[in-house]
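Student: Below is a structure I'd like to ask you about.
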Amino acid sequence: MLASLPLLMTSATYGWANHYLFNRPALEVLPELANAPKVKVEALEDFLLKEQAGLIALMAQIENDAKLTYAKSAPQPEALAFKGGDAKTIRNNFLRALRVNTGTPLGYFLQAMPGQPLGGKASNPNTVSIFGDKDLKGIYSFYDVRKGDMVSPVEVVSTAGDEPDFGLDINLFTDNGEQFGKDYGFGTQSFGDAKLYYGTQAPFHIGYYHESGIIFMAAGFLKKTYPRYRVHQYTSLARFAFKTGHPYWGYRFLGWGLHYVGDLTQPYHARVLPTYGTMGMLWINIKAMVGFDKAKLDAIDRISKRHTTIENYHRSTLAKAYAQKNLQHPFIQGMRKTDKDKTYAAFSDDYIVDATAKESYGFSDKVDELIDQSNLLQSFSDGNELPIQNTKALEELDTTIIQLMEGAGAHLRNYVRAGMQ
């Protein structure tokens with residue numbers, strides 16, 4: 001068994017930093033969403049209380065589906081089945097039935113683009129993330145909206161696409177120190193570094209669906225991953241909310257599901273160790289098991305730095321382009337291109353495996369190699385490009401990111417189209 005392999009995934013928890021920066025350009029060119037009328041902000045409790053009878057049946061069906069496909073290794077315990085509630089209990093009952101962190105703030109807010117004025121009062125970080133300022137790291141700009149305000153569907157979905165990084169999937173396993181984690185039935189954490197404050201969400205945000213059969217035979221825990229489950233839950237809730245006349249929550253749930261689609265467009269969320277190959281991974285593990293763990297530690301450091309660097313490079317490039325009002329930047333235009341939308345099969349239960357994760361897995365070796373060749377690890381720091389780059393390789397890396405993002409934009413739009421049906 002690959003006993004040390006879980007440690008090789010300690011850094012791969014955030015897929016991309018600030019999904020809004022690419023959600024927004026991808027979705028503002030989707031006519032079904034861009035032309036939709038503004039919707040009224042509604043309290044979660046009001047939605048749940050009004051529709052609890054239908055939600056009881058819907059959520060039972062979601063879990064019946066999950067037992068067959070999405071989370072059959074971790075079915076929902078019967079005691080958690082949603083049974084409604086009153087004004088004091090229904091929110092907690094709903095979140096427990098979803099098996100998310102019940103302490104997630106779930107405030108009412110939207111995000112502003114870099115360089116743009118806030119549309120209202122700046123949000124208290126503690127109403128956005130379970131970790132407050134520590135989690136937002138100065139890379140987000142949120143402003144409050146009030147219940148009853150009329151808001152843009154594009155903004156609701158694009159903003160909500162970051163929310164699963166703000167606490168929903170934190171501490172859900174039996175060994176994460178929370179009582180609800182002991183209740184939820186997911187067992188012990190399959191991979192990721194629980195010592196990192198955000199590390200416990202890893203199995204919900206990663207989909208290693210395309211490793212070799214040998215790796216899966218040796219490391220069955222890689223299959224204990226839950227993005228398909230989350231997408232199914234939130235898509236089902238979105239469609240229900242639209243059908244029952246609650247469009248704000250339809251769009252917000254849709255944004256929650258969108259997050260996992262976006263995460264799987266990140267190559268380091270679809271591939272355990274890019275460029276290493278199956279035999280290389282096995283050899284690292286064998287050496288670690290007999291006490292020679294330098295190769296394992298080197299691999300951890302290598303992947304951690306590359307994942308973090310490409311994420312920050314992508315985010316800061318987008319943020320800088322928006323701050324400078326450079327809407328023609330290729331990273332933005334790549335997300336807006338709709339040419340590829342119809343080249344993929346219609347969105348289905350298998351889409352994020354067969355299209356999204358497969359495509360990003362296919363890009364993983366090239367991205368990893370170009371990070372090295374461009375000298376990006378040494379030349380990019382805190383959003384500053386230093387004059388020690390390999391310019392030609394960096395241009396090729398940018399071209400590869402643009403190609404990856406053209407596919408990502410299509411995946412996000414295909415998901416939203418399906419969720420609005």
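Labels used: A, B, ... for chains in the order of the structure tokens, numbers from 1 for residues in each chain, and numbers from 1 for ligands as shown.
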Tell me, as a ChimeraX atom specification, which residues lie within 7 Å of Phe331 of chain A, counting only C-alpha atoms; anything in the same chain fewer than 2 positions away does not count.
Tutor: /A:318,329,333-335,402
Student: Compile a residue-level contact table for segment 41-134 of chain A against segment 198-209 of chain A at a cut-off of 12 Å, reporting for every qualifying residue the shortest atom pair and its distance in Å to one decimal, with only C-alpha atoms counted, rows ordered by chain and ascending number, as a tab-separated table.
Tutor:
```
residue	atom	partner	partner_atom	distance
A:Tyr70	CA	A:Phe204	CA	11.6
A:Ala71	CA	A:Phe204	CA	10.9
A:Arg99	CA	A:Phe204	CA	11.5
A:Val100	CA	A:Gln201	CA	10.3
A:Asn101	CA	A:Gln201	CA	10.4
A:Ser129	CA	A:Tyr198	CA	11.3
A:Ile130	CA	A:Tyr198	CA	10.2
A:Phe131	CA	A:Tyr198	CA	9.0
A:Lys134	CA	A:Tyr198	CA	10.4
```
Student: Excluding same-chain residues fewer than 5 positions from Ser374 of chain A, what lies within 9 Å of it counting only C-alpha atoms, as number ranges by chain?
Tutor: A: 369, 379, 389-397
Student: Please produce a file of the residues just selected, as a compact mmCIF listing (two decimals), in the first residue's frame, where the atoms kept are N, CA and C atoms.
Tutor:
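Saved as selection.txt:
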```txt
# COMPACT_ATOMS: atom_id res chain seq x y z
N GLU A 369 6.14 21.12 -16.32
CA GLU A 369 7.42 21.30 -16.99
C GLU A 369 7.69 22.77 -17.32
N SER A 379 11.20 33.57 -10.34
CA SER A 379 10.98 34.89 -10.94
C SER A 379 9.65 35.52 -10.57
N GLN A 389 13.29 35.66 -15.71
CA GLN A 389 12.46 34.66 -16.35
C GLN A 389 13.09 34.17 -17.65
N ASN A 390 12.67 32.99 -18.04
CA ASN A 390 12.90 32.52 -19.40
C ASN A 390 11.68 32.98 -20.19
N THR A 391 11.83 34.08 -20.91
CA THR A 391 10.67 34.73 -21.53
C THR A 391 9.95 33.80 -22.51
N LYS A 392 10.68 33.07 -23.31
CA LYS A 392 10.06 32.19 -24.29
C LYS A 392 9.22 31.11 -23.61
N ALA A 393 9.77 30.49 -22.56
CA ALA A 393 9.03 29.45 -21.85
C ALA A 393 7.84 30.03 -21.11
N LEU A 394 7.99 31.26 -20.57
CA LEU A 394 6.85 31.89 -19.89
C LEU A 394 5.73 32.18 -20.87
N GLU A 395 6.07 32.62 -22.07
CA GLU A 395 5.05 32.84 -23.10
C GLU A 395 4.34 31.53 -23.43
N GLU A 396 5.08 30.43 -23.47
CA GLU A 396 4.46 29.13 -23.74
C GLU A 396 3.58 28.71 -22.57
N LEU A 397 4.02 29.01 -21.35
CA LEU A 397 3.19 28.71 -20.19
C LEU A 397 1.90 29.51 -20.24
```
Student: Per DSSP on the backbone, what are the alpha helix (DSSP H) residues of segment 169-331 of chain A, as an MDAnalysis selection string?
Tutor: chainID A and resid 179:183 202:205 213:218 227:243 247:263 277:289 294:323 330:331
Student: In Å to one decimal, how far is atom CA of Thr309 of chain A from atom CA of Ile401 of chain A?
Tutor: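 Computing the Euclidean distance for atom CA of Ile401 of chain A and atom CA of Thr309 of chain A yields 13.1 Å.
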Student: So what do you get for atom CA of Pro274 of chain A versus atom CA of Ser364 of chain A, distance-wise?
Tutor: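 Between these atoms lies a distance of 5.6 Å.
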Student: Can you pull out the residues contacting Gly120 of chain A? Cut-off 8 Å, using only C-alpha atoms, and skip same-chain residues under 5 positions away; I want them as a list in words.
Tutor: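 Once the nearby chain positions are removed, what remains is Tyr143, Asp144 and Val145 of chain A.
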Student: Could you write out that same residue set with N, CA and C atoms as an mmCIF file, in the first residue's frame?
Tutor:
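Saved file part-v2.cif follows:
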```
data_model
loop_
_atom_site.group_PDB
_atom_site.id
_atom_site.type_symbol
_atom_site.label_atom_id
_atom_site.label_comp_id
_atom_site.auth_asym_id
_atom_site.auth_seq_id
_atom_site.Cartn_x
_atom_site.Cartn_y
_atom_site.Cartn_z
ATOM 1 N N TYR A 143 -18.768 43.039 -0.416
ATOM 2 C CA TYR A 143 -19.643 44.051 0.161
ATOM 3 C C TYR A 143 -20.986 43.416 0.485
ATOM 4 N N ASP A 144 -21.635 43.963 1.511
ATOM 5 C CA ASP A 144 -22.881 43.393 1.999
ATOM 6 C C ASP A 144 -24.036 43.678 1.049
ATOM 7 N N VAL A 145 -24.935 42.734 0.948
ATOM 8 C CA VAL A 145 -26.258 42.980 0.380
ATOM 9 C C VAL A 145 -27.274 42.631 1.457
#
```
Student: If you run DSSP on the backbone here, which positions in segment 198-394 of chain A get strand (DSSP E or B)? Please write them as a PDB file with C-alpha atoms, in the first residue's frame.
Tutor:
```pdb
ATOM      1  CA  PHE A 380       7.484  35.300  -9.530  1.00  0.00           C
ATOM      2  CA  SER A 381       6.986  36.354  -5.940  1.00  0.00           C
ATOM      3  CA  ASN A 384       5.837  40.622  -8.793  1.00  0.00           C
ATOM      4  CA  GLU A 385       7.555  39.429 -11.935  1.00  0.00           C
TER       5      GLU A 385
END
```
Student: What lies within 9 Å of Asp162 of chain A using only C-alpha atoms, ignoring chain neighbours under 2 positions off, as a ChimeraX atom specification?
Tutor: /A:17-20,158-160,164-166,255-256,258-259
Student: Write the residues you've just listed into a file as a PDB file, in the first residue's frame, and include N, CA and C atoms for each of them.
Tutor:
```pdb
ATOM      1  N   ALA A  17      -7.037  30.333  -6.727  1.00  0.00           N
ATOM      2  CA  ALA A  17      -7.309  31.387  -5.758  1.00  0.00           C
ATOM      3  C   ALA A  17      -8.292  32.378  -6.367  1.00  0.00           C
ATOM      4  N   ASN A  18      -9.379  32.618  -5.681  1.00  0.00           N
ATOM      5  CA  ASN A  18     -10.412  33.577  -6.095  1.00  0.00           C
ATOM      6  C   ASN A  18     -11.054  33.183  -7.429  1.00  0.00           C
ATOM      7  N   HIS A  19     -11.992  32.257  -7.352  1.00  0.00           N
ATOM      8  CA  HIS A  19     -12.707  31.787  -8.538  1.00  0.00           C
ATOM      9  C   HIS A  19     -13.483  32.901  -9.235  1.00  0.00           C
ATOM     10  N   TYR A  20     -13.909  33.895  -8.466  1.00  0.00           N
ATOM     11  CA  TYR A  20     -14.719  34.973  -9.046  1.00  0.00           C
ATOM     12  C   TYR A  20     -14.029  35.619 -10.236  1.00  0.00           C
ATOM     13  N   SER A 158     -21.351  33.982  -9.641  1.00  0.00           N
ATOM     14  CA  SER A 158     -19.899  34.166  -9.671  1.00  0.00           C
ATOM     15  C   SER A 158     -19.321  34.291  -8.269  1.00  0.00           C
ATOM     16  N   THR A 159     -20.021  35.019  -7.392  1.00  0.00           N
ATOM     17  CA  THR A 159     -19.562  35.171  -6.008  1.00  0.00           C
ATOM     18  C   THR A 159     -19.700  33.870  -5.243  1.00  0.00           C
ATOM     19  N   ALA A 160     -20.837  33.206  -5.361  1.00  0.00           N
ATOM     20  CA  ALA A 160     -21.071  31.962  -4.628  1.00  0.00           C
ATOM     21  C   ALA A 160     -20.101  30.869  -5.054  1.00  0.00           C
ATOM     22  N   PRO A 164     -17.521  27.471  -1.233  1.00  0.00           N
ATOM     23  CA  PRO A 164     -17.035  26.213  -0.651  1.00  0.00           C
ATOM     24  C   PRO A 164     -15.610  26.286  -0.111  1.00  0.00           C
ATOM     25  N   ASP A 165     -14.852  27.320  -0.476  1.00  0.00           N
ATOM     26  CA  ASP A 165     -13.526  27.516   0.113  1.00  0.00           C
ATOM     27  C   ASP A 165     -13.584  28.268   1.438  1.00  0.00           C
ATOM     28  N   PHE A 166     -14.769  28.670   1.863  1.00  0.00           N
ATOM     29  CA  PHE A 166     -14.884  29.507   3.056  1.00  0.00           C
ATOM     30  C   PHE A 166     -15.402  28.742   4.274  1.00  0.00           C
ATOM     31  N   GLY A 255     -23.931  28.374  -7.744  1.00  0.00           N
ATOM     32  CA  GLY A 255     -22.558  28.827  -7.540  1.00  0.00           C
ATOM     33  C   GLY A 255     -21.767  27.884  -6.660  1.00  0.00           C
ATOM     34  N   TRP A 256     -22.411  27.329  -5.642  1.00  0.00           N
ATOM     35  CA  TRP A 256     -21.703  26.368  -4.792  1.00  0.00           C
ATOM     36  C   TRP A 256     -21.245  25.164  -5.615  1.00  0.00           C
ATOM     37  N   LEU A 258     -20.742  25.119  -8.780  1.00  0.00           N
ATOM     38  CA  LEU A 258     -19.773  25.597  -9.768  1.00  0.00           C
ATOM     39  C   LEU A 258     -18.349  25.532  -9.233  1.00  0.00           C
ATOM     40  N   HIS A 259     -18.198  25.704  -7.934  1.00  0.00           N
ATOM     41  CA  HIS A 259     -16.862  25.725  -7.347  1.00  0.00           C
ATOM     42  C   HIS A 259     -16.097  24.437  -7.644  1.00  0.00           C
TER      43      HIS A 259
END
```
Student: Which residues of segment 237-276 of chain A come within 8 Å of segment 38-55 of chain A, and for each one, what is the closest pair of atoms and their distance in Å to one decimal, counting only C-alpha atoms, sorted by chain and residue number, as a Markdown table?
Tutor:
```
| residue | atom | partner | partner_atom | distance |
| --- | --- | --- | --- | --- |
| A:Thr244 | CA | A:Glu51 | CA | 7.8 |
| A:His246 | CA | A:Phe47 | CA | 7.1 |
| A:Pro247 | CA | A:Val39 | CA | 6.4 |
| A:Tyr248 | CA | A:Val39 | CA | 5.7 |
| A:Trp249 | CA | A:Glu42 | CA | 7.4 |
```
